[in-house]
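Peer 1: Before I ask anything, here is the structure I am working with.
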Amino acid sequence: MADDSKKSQFSNDDVLLPKTHFWESMEIVHWEGFWFPPQVVKPAIKFRSTFAAADGDVLLTSAKKTGTTWLKSLALSCTQRGGEVDGADDLAGNNPHFLVPTVEAVGYKHEPLKFDIYDAPAPRLLHTHLPYSLLPDSVKTSSSSTKIVYLARNPKDTLISMWHFFNSILRPIPLEKAVDFFCSGVHHYGSFFDHVAEYWIESRRRPEKILFVKYEELKSNPTAEVMKMAEFMGKALGSEDEVEKILWRCSLERLRNLEVNKNGSVITCVPNRCYFRKGEVENWKDYLTPEMAERIDQITRHKLEVIGLVL
Ligand code: A3P
């Protein structure tokens, strides 16, 4: 699929990029080794070339459908904690994607956003789906104290989440085709495997700079994982009680039932409710045939397990 695509080109003004069809509904382009929705390339170039990271900034990072909404909620709650017990927090009235913008995203329905990432004073809490290799040097350099938190998830659960998500906002496709897209890396910010591998390798090299968090561990041991994340961001939490409040505030059950997430929309054509589905581990078992699972496992072994990553 990816090879055929190289025959056609996409013009992002003066940049010519290989393109192909995604989900039978839209085009995506190949840039710097990964696939992107065409409209994010320019903001990504701007971010990479002009963003000046400052001490205290935290950049949340993730591939798509790995739990970004949860990560944004948790990180925000850790940095904004004020001891509210009744849920009188920003998340009560706003979707996490409005409160913690994804720097390269476009199509926000209500602009200006909560803040302009280039003008807002540090410390800033931001998010990107961009791969590690495309982050601004000012973020990656050892001389800045900017921290990176990466959230990873099991590939098969990520695929199933992606299938449900895109089928709810684009023309639905059968699971077999979604598996093809996922395995060939032709999806937003794909290949998923290269995305995870880049952050994993760098987090092993510089654990003081990048915290690598697994969705499954957040689910199985949320208190310890959130305490670790808060401490890493320089926002150590005082007690387990405080963590419990944050976990409740950010829980799928609570967030999905808020009015803003039932009926609102941050990005045009994406109802907020689409960000909240089951939030389960091993939900893939309800969908993938043994052959599909084995196809993904093979790539997982070849790309991730060889570098010591088990997801
Ligand atoms: P499922 O589709 O498996 O249910 P993203 O936020 O990166 O788009 O990822 C979406 C996935 O995260 C969905 O997974 C969604 O249900 C899950 N999710 C969203 N909010 C969550 C929360 N507060 N707690 C746990 N999982 C959450």
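Please note that chains go A, B, ... in the order of the structure tokens, that every chain numbers its residues from 1, and that ligands are numbered from 1 in the order shown.
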Neighbouring residues of Ile246 in chain A were defined as those with any atom within 9 Å, considering only C-alpha atoms; residues of the same chain fewer than 5 positions away were excluded. Please report them as a list in words.

Peer 2: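 Once the adjacent positions are removed, what remains is Ser73, Leu74, Ser77, Cys78, Arg81, Val226, Asp241 and Ser251 of chain A.
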
Peer 1: Please identify all polymer residues within 9 Å of range 191-206 of chain A, counting only C-alpha atoms, omitting same-chain residues fewer than 5 positions from it, and present them as JSON, numbers by chain.

Peer 2: {"A": [33, 34, 35, 62, 63, 64, 130, 131, 132, 133, 150, 151, 152, 153, 155, 158, 182, 183, 184, 185, 186, 211, 212, 299, 300, 303, 304, 307, 309]}

Peer 1: When DSSP is applied to the backbone of this structure, which of range 61-214 of chain A are assigned helix (DSSP H, G or I)? Write them out as a VMD selection string.

Peer 2: chain A and resid 68 to 80 90 to 92 96 to 99 132 to 134 137 to 140 155 to 169 175 to 184 192 to 205

Peer 1: Show me which residues line ligand 1, defined as having an atom within 7 Å of a ligand atom where only C-alpha atoms and all ligand atoms count, and present them as a PyMOL selection string.

Peer 2: chain A and resi 63-70+157-158+160-162+164-165+250-252+255+275-280+283

Peer 1: Rank A:Pro96, A:Gly56, A:Pro18, A:Pro43 by their smallest atom-to-atom distance to Val260 in chain A, using only C-alpha atoms, and report the top residue only.

Peer 2: A:Pro96

Peer 1: Take CA of Val149 in chain A and CA of Glu217 in chain A and report the distance between them in Å, one decimal.

Peer 2: 14.3 Å

Peer 1: Write out as JSON, numbers by chain the residues lying within 6 Å of Leu59 in chain A, counting only C-alpha atoms and excluding same-chain residues fewer than 6 positions away.

Peer 2: {"A": [126, 127, 148]}

Peer 1: From the set A:Leu159, A:Val270, A:Val139, A:Ile210, which residue has the shortest atom-to-atom contact distance to Thr50 in chain A, counting only C-alpha atoms?

Peer 2: A:Val139

Peer 1: Of the candidates A:Ser168, A:Asn272, A:Leu175, A:Ala75, which one gets nearest to Lys228 in chain A if we count only C-alpha atoms?

Peer 2: A:Ala75

Peer 1: Run DSSP on the backbone of this structure and report the residues of range 92-246 of chain A it assigns to strand (DSSP E), as a ChimeraX atom specification.

Peer 2: /A:125-128,147-152,210-214

Peer 1: Would you mind telling me which residue in A:Cys269, A:Asp89, A:Glu244, A:Glu208 lies nearest to Glu231 in chain A when using only C-alpha atoms?

Peer 2: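 Of A:Cys269, A:Asp89, A:Glu244, A:Glu208, the one nearest Glu231 in chain A is A:Glu208, counting only C-alpha atoms.
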
Peer 1: Go through A:His187, A:Arg249, A:Lys19, A:Lys147 and flag the residue nearest Leu125 in chain A, using only C-alpha atoms for the distances.

Peer 2: A:Lys147

Peer 1: Grab the CA of Asn221 in chain A to CA of Gln80 in chain A distance for me, in Å with one decimal place.

Peer 2: 21.9 Å

Peer 1: Write out as a VMD selection string the residues lying within 9 Å of Thr102 in chain A, counting only C-alpha atoms and excluding same-chain residues fewer than 2 positions away.

Peer 2: chain A and resid 60 97 to 98 100 104 to 106 126 to 129

Peer 1: Those residues with N, CA and C atoms, as an mmCIF file, in the first residue's frame please?

Peer 2:
```cif
data_model
loop_
_atom_site.group_PDB
_atom_site.id
_atom_site.type_symbol
_atom_site.label_atom_id
_atom_site.label_comp_id
_atom_site.auth_asym_id
_atom_site.auth_seq_id
_atom_site.Cartn_x
_atom_site.Cartn_y
_atom_site.Cartn_z
ATOM 1 N N LEU A 60 3.546 16.445 26.675
ATOM 2 C CA LEU A 60 2.945 15.112 26.673
ATOM 3 C C LEU A 60 3.003 14.603 25.239
ATOM 4 N N HIS A 97 -8.921 18.014 25.419
ATOM 5 C CA HIS A 97 -8.210 18.438 24.206
ATOM 6 C C HIS A 97 -8.280 19.950 24.001
ATOM 7 N N PHE A 98 -9.221 20.600 24.671
ATOM 8 C CA PHE A 98 -9.264 22.062 24.651
ATOM 9 C C PHE A 98 -8.278 22.613 25.678
ATOM 10 N N VAL A 100 -5.571 21.123 27.052
ATOM 11 C CA VAL A 100 -4.159 20.820 26.751
ATOM 12 C C VAL A 100 -4.064 20.626 25.238
ATOM 13 N N GLU A 104 0.256 20.553 16.901
ATOM 14 C CA GLU A 104 0.174 20.579 15.437
ATOM 15 C C GLU A 104 -1.263 20.402 14.940
ATOM 16 N N ALA A 105 -2.211 20.238 15.864
ATOM 17 C CA ALA A 105 -3.592 19.973 15.435
ATOM 18 C C ALA A 105 -4.216 21.220 14.812
ATOM 19 N N VAL A 106 -5.106 20.997 13.860
ATOM 20 C CA VAL A 106 -5.842 22.110 13.248
ATOM 21 C C VAL A 106 -7.329 21.769 13.302
ATOM 22 N N LEU A 126 1.734 20.974 27.275
ATOM 23 C CA LEU A 126 1.368 20.835 25.866
ATOM 24 C C LEU A 126 1.336 19.373 25.488
ATOM 25 N N HIS A 127 0.786 19.128 24.312
ATOM 26 C CA HIS A 127 0.783 17.747 23.814
ATOM 27 C C HIS A 127 1.128 17.732 22.335
ATOM 28 N N THR A 128 1.766 16.644 21.906
ATOM 29 C CA THR A 128 1.958 16.418 20.468
ATOM 30 C C THR A 128 1.874 14.928 20.170
ATOM 31 N N HIS A 129 1.403 14.630 18.928
ATOM 32 C CA HIS A 129 1.472 13.249 18.434
ATOM 33 C C HIS A 129 2.735 13.056 17.584
#
```

Peer 1: From the list A:Leu17, A:Cys274, A:Val179, A:Ala52, which residue is nearest Ala293 in chain A when using only C-alpha atoms?

Peer 2: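 Under the stated criterion, the closest residue is A:Val179.
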
Peer 1: Tell me, in Å to one decimal, how far CA of Gly190 in chain A is from CA of Leu71 in chain A.

Peer 2: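 If I compute the distance from CA of Gly190 in chain A to CA of Leu71 in chain A, I get 19.7 Å.
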